[in-house]
Amino acid sequence: MERIPVSYYMNVSSKQRTSALTLAVAAALFAAVSSSACAQSKEAKAAPAAAQRRAFVKPADAELKRRLTPLQYAVTQHEVTETPFNNTYWDNHEAGIYVDVVSGEPLFSSLDKFDSGTGWPSFTRPLEPTNIKTKTDHLLGFSRTEVRSAAADSHLGHVFDDGPRPTGLRYCMNSAAMRFIPVSRLEAEGYGQYLPLFQPKTATASSKGKK
């Protein structure tokens with residue numbers, strides 16, 4: 001039998017190592033490309049959700065004076081109270097939401113609005129609790145709870161504990177501090193996430209007893 005030189009085994013071993021190294025590099029490159037593609041896919045899916053998020057900010061004072069009416073500026077920036085029964089929304093019964101006239105922050109819904117008899121638009125609760133903040137003021141010589149918007153720090157009105165059920169609260173707001181957006185305009189103005197609130201709920205209670 002012919003003897004096979006030792007160098008042959010060495011050469012074969014070297015070739016095998018080279019082949020294994022090549023395969024390892026190729027596998028690493030494939031994994032990197034796959035990971036990058038997956039990350040890009042996730043980012044693409046997340047993009048629409050990120051685009052829906054809005055940043056509510058307070059414009060510069062010069063911009064506010066240019067954009068707001070004198071009454072809107074006085075109410076939101078200097079805690080002035082508008083005249084009762086002689087303001088825009090005290091008797092508004094249209095379906096929609098109320099946003100901060102300064103920043104656009106969603107504040108209240110017509111679903112929580114009620115006739116308080118005070119001459120100011122009143123609500124039992126805020127639409128987005130995180131968009132409002134409260135503080136104590138003594139402008140009239142006694143303690144009241146002032147309501148302000150969270151992002152723009154606009155003066156909105158006051159909240160009292162003499163409201164109807166289910167909260168027992170009365171958020172007494174100034175019309176001049178808010179802008180009303182009817183249901184028909186919610187999507188166009190970027191508040192489409194609130195549309196389901198105004199859609200008729202399917203009646204299921206009456207059909208539960210049916211077989």
# chains A, B, ... in the order shown; residues from 1 in each chain; ligands from 1
>>> residues_around(residues="Tyr89 in chain A", least_positions_apart="6", cutoff="9 Å", atoms="only C-alpha atoms", output="VMD selection string")
chain A and resid 120 to 121 174 to 176 178 180
>>> residues_around(residues="range 182-198 of chain A", least_positions_apart="3", cutoff="12 Å", atoms="only C-alpha atoms", output="PyMOL selection string")
chain A and resi 49+51-55+92-99+104-112+127-128+179+201-202
>>> residues_around(residues="Thr69 in chain A", least_positions_apart="4", cutoff="12 Å", atoms="only C-alpha atoms", output="list of chain:residue names")
A:Glu63, A:Leu64, A:Lys65, A:Tyr73, A:Ala74, A:Val75, A:Thr76, A:Gln77, A:Val101, A:Val102, A:Ala176, A:Ala177
>>> write_last_selection(atoms="N, CA and C atoms", output="JSON list (two decimals), in the first residue's frame")
[["chain", "number", "residue", "atom", "x", "y", "z"],
["A", 63, "GLU", "N", -46.54, 85.42, 19.83],
["A", 63, "GLU", "CA", -47.42, 84.63, 18.97],
["A", 63, "GLU", "C", -48.81, 84.53, 19.57],
["A", 64, "LEU", "N", -48.88, 84.39, 20.89],
["A", 64, "LEU", "CA", -50.18, 84.32, 21.55],
["A", 64, "LEU", "C", -50.96, 85.62, 21.39],
["A", 65, "LYS", "N", -50.29, 86.73, 21.54],
["A", 65, "LYS", "CA", -50.96, 88.02, 21.39],
["A", 65, "LYS", "C", -51.46, 88.23, 19.96],
["A", 73, "TYR", "N", -56.66, 85.90, 25.49],
["A", 73, "TYR", "CA", -55.34, 86.15, 26.09],
["A", 73, "TYR", "C", -55.49, 86.51, 27.57],
["A", 74, "ALA", "N", -56.45, 87.37, 27.89],
["A", 74, "ALA", "CA", -56.64, 87.80, 29.28],
["A", 74, "ALA", "C", -57.05, 86.63, 30.18],
["A", 75, "VAL", "N", -57.91, 85.75, 29.67],
["A", 75, "VAL", "CA", -58.37, 84.61, 30.46],
["A", 75, "VAL", "C", -57.25, 83.61, 30.68],
["A", 76, "THR", "N", -56.60, 83.20, 29.61],
["A", 76, "THR", "CA", -55.60, 82.13, 29.72],
["A", 76, "THR", "C", -54.29, 82.57, 30.35],
["A", 77, "GLN", "N", -53.92, 83.84, 30.15],
["A", 77, "GLN", "CA", -52.61, 84.29, 30.64],
["A", 77, "GLN", "C", -52.68, 85.13, 31.91],
["A", 101, "VAL", "N", -57.23, 76.39, 23.96],
["A", 101, "VAL", "CA", -57.13, 77.33, 22.85],
["A", 101, "VAL", "C", -55.68, 77.73, 22.57],
["A", 102, "VAL", "N", -54.82, 77.55, 23.55],
["A", 102, "VAL", "CA", -53.41, 77.92, 23.41],
["A", 102, "VAL", "C", -52.60, 76.80, 22.77],
["A", 176, "ALA", "N", -63.59, 81.08, 26.70],
["A", 176, "ALA", "CA", -62.47, 81.74, 26.00],
["A", 176, "ALA", "C", -61.17, 80.96, 26.13],
["A", 177, "ALA", "N", -61.10, 80.03, 27.08],
["A", 177, "ALA", "CA", -59.88, 79.24, 27.26],
["A", 177, "ALA", "C", -59.86, 77.98, 26.41]]
>>> atom_distance(atom1="CA of Leu68 in chain A", atom2="CA of Asp100 in chain A")
11.8 Å
>>> select_by_dssp(residues="range 30-198 of chain A", states="strand (DSSP E or B)", output="ChimeraX atom specification")
/A:96-100,106-109,113-114,122-123,132-137,144-149,155-160,170-173,178-182
>>> select_by_dssp(residues="range 54-175 of chain A", states="alpha helix (DSSP H)", output="list of chain:residue names")
A:Asp61, A:Ala62, A:Glu63, A:Leu64, A:Lys65, A:Arg66, A:Arg67, A:Pro70, A:Leu71, A:Gln72, A:Tyr73, A:Ala74, A:Val75, A:Thr76, A:Gln77, A:His78
>>> write_last_selection(atoms="C-alpha atoms", output="short mmCIF file (atom, residue, chain, number, x, y, z; two decimals), in the first residue's frame")
data_model
loop_
_atom_site.label_atom_id
_atom_site.label_comp_id
_atom_site.auth_asym_id
_atom_site.auth_seq_id
_atom_site.Cartn_x
_atom_site.Cartn_y
_atom_site.Cartn_z
CA ASP A 61 -46.04 85.29 24.09
CA ALA A 62 -45.77 87.42 20.94
CA GLU A 63 -47.42 84.63 18.97
CA LEU A 64 -50.18 84.32 21.55
CA LYS A 65 -50.96 88.02 21.39
CA ARG A 66 -51.15 87.79 17.61
CA ARG A 67 -53.25 84.65 17.48
CA PRO A 70 -57.91 90.01 23.75
CA LEU A 71 -60.38 88.05 25.90
CA GLN A 72 -58.73 84.70 25.20
CA TYR A 73 -55.34 86.15 26.09
CA ALA A 74 -56.64 87.80 29.28
CA VAL A 75 -58.37 84.61 30.46
CA THR A 76 -55.60 82.13 29.72
CA GLN A 77 -52.61 84.29 30.64
CA HIS A 78 -53.97 86.59 33.36
#
>>> residues_around(residues="range 155-166 of chain A", least_positions_apart="5", cutoff="6 Å", atoms="only C-alpha atoms", output="ChimeraX atom specification")
/A:76,79,145-148,171-174,177
>>> write_last_selection(atoms="N, CA and C atoms", output="PDB file, in the first residue's frame")
ATOM      1  N   THR A  76     -56.600  83.202  29.607  1.00  0.00           N
ATOM      2  CA  THR A  76     -55.600  82.126  29.715  1.00  0.00           C
ATOM      3  C   THR A  76     -54.289  82.572  30.351  1.00  0.00           C
ATOM      4  N   GLU A  79     -55.695  85.046  34.156  1.00  0.00           N
ATOM      5  CA  GLU A  79     -56.740  84.544  35.064  1.00  0.00           C
ATOM      6  C   GLU A  79     -57.998  85.402  35.111  1.00  0.00           C
ATOM      7  N   THR A 145     -60.088  76.037  43.981  1.00  0.00           N
ATOM      8  CA  THR A 145     -59.169  75.163  43.260  1.00  0.00           C
ATOM      9  C   THR A 145     -59.161  75.558  41.789  1.00  0.00           C
ATOM     10  N   GLU A 146     -58.065  76.145  41.382  1.00  0.00           N
ATOM     11  CA  GLU A 146     -57.921  76.591  40.002  1.00  0.00           C
ATOM     12  C   GLU A 146     -57.546  75.403  39.113  1.00  0.00           C
ATOM     13  N   VAL A 147     -58.043  75.431  37.885  1.00  0.00           N
ATOM     14  CA  VAL A 147     -57.725  74.401  36.893  1.00  0.00           C
ATOM     15  C   VAL A 147     -56.919  75.038  35.761  1.00  0.00           C
ATOM     16  N   ARG A 148     -55.773  74.435  35.438  1.00  0.00           N
ATOM     17  CA  ARG A 148     -54.911  74.925  34.375  1.00  0.00           C
ATOM     18  C   ARG A 148     -54.539  73.762  33.456  1.00  0.00           C
ATOM     19  N   TYR A 171     -66.481  71.042  36.949  1.00  0.00           N
ATOM     20  CA  TYR A 171     -65.385  71.781  36.324  1.00  0.00           C
ATOM     21  C   TYR A 171     -65.997  72.972  35.595  1.00  0.00           C
ATOM     22  N   CYS A 172     -65.894  74.121  36.213  1.00  0.00           N
ATOM     23  CA  CYS A 172     -66.493  75.347  35.678  1.00  0.00           C
ATOM     24  C   CYS A 172     -65.435  76.077  34.853  1.00  0.00           C
ATOM     25  N   MET A 173     -65.581  76.025  33.533  1.00  0.00           N
ATOM     26  CA  MET A 173     -64.545  76.514  32.627  1.00  0.00           C
ATOM     27  C   MET A 173     -64.927  77.810  31.927  1.00  0.00           C
ATOM     28  N   ASN A 174     -63.929  78.516  31.455  1.00  0.00           N
ATOM     29  CA  ASN A 174     -64.143  79.689  30.631  1.00  0.00           C
ATOM     30  C   ASN A 174     -64.167  79.263  29.159  1.00  0.00           C
ATOM     31  N   ALA A 177     -61.099  80.025  27.079  1.00  0.00           N
ATOM     32  CA  ALA A 177     -59.877  79.244  27.263  1.00  0.00           C
ATOM     33  C   ALA A 177     -59.863  77.982  26.412  1.00  0.00           C
TER      34      ALA A 177
END
>>> closest_residue(among="A:Ala152, A:Val80, A:Leu169, A:Ala60", to="Phe123 in chain A", atoms="only C-alpha atoms")
A:Leu169
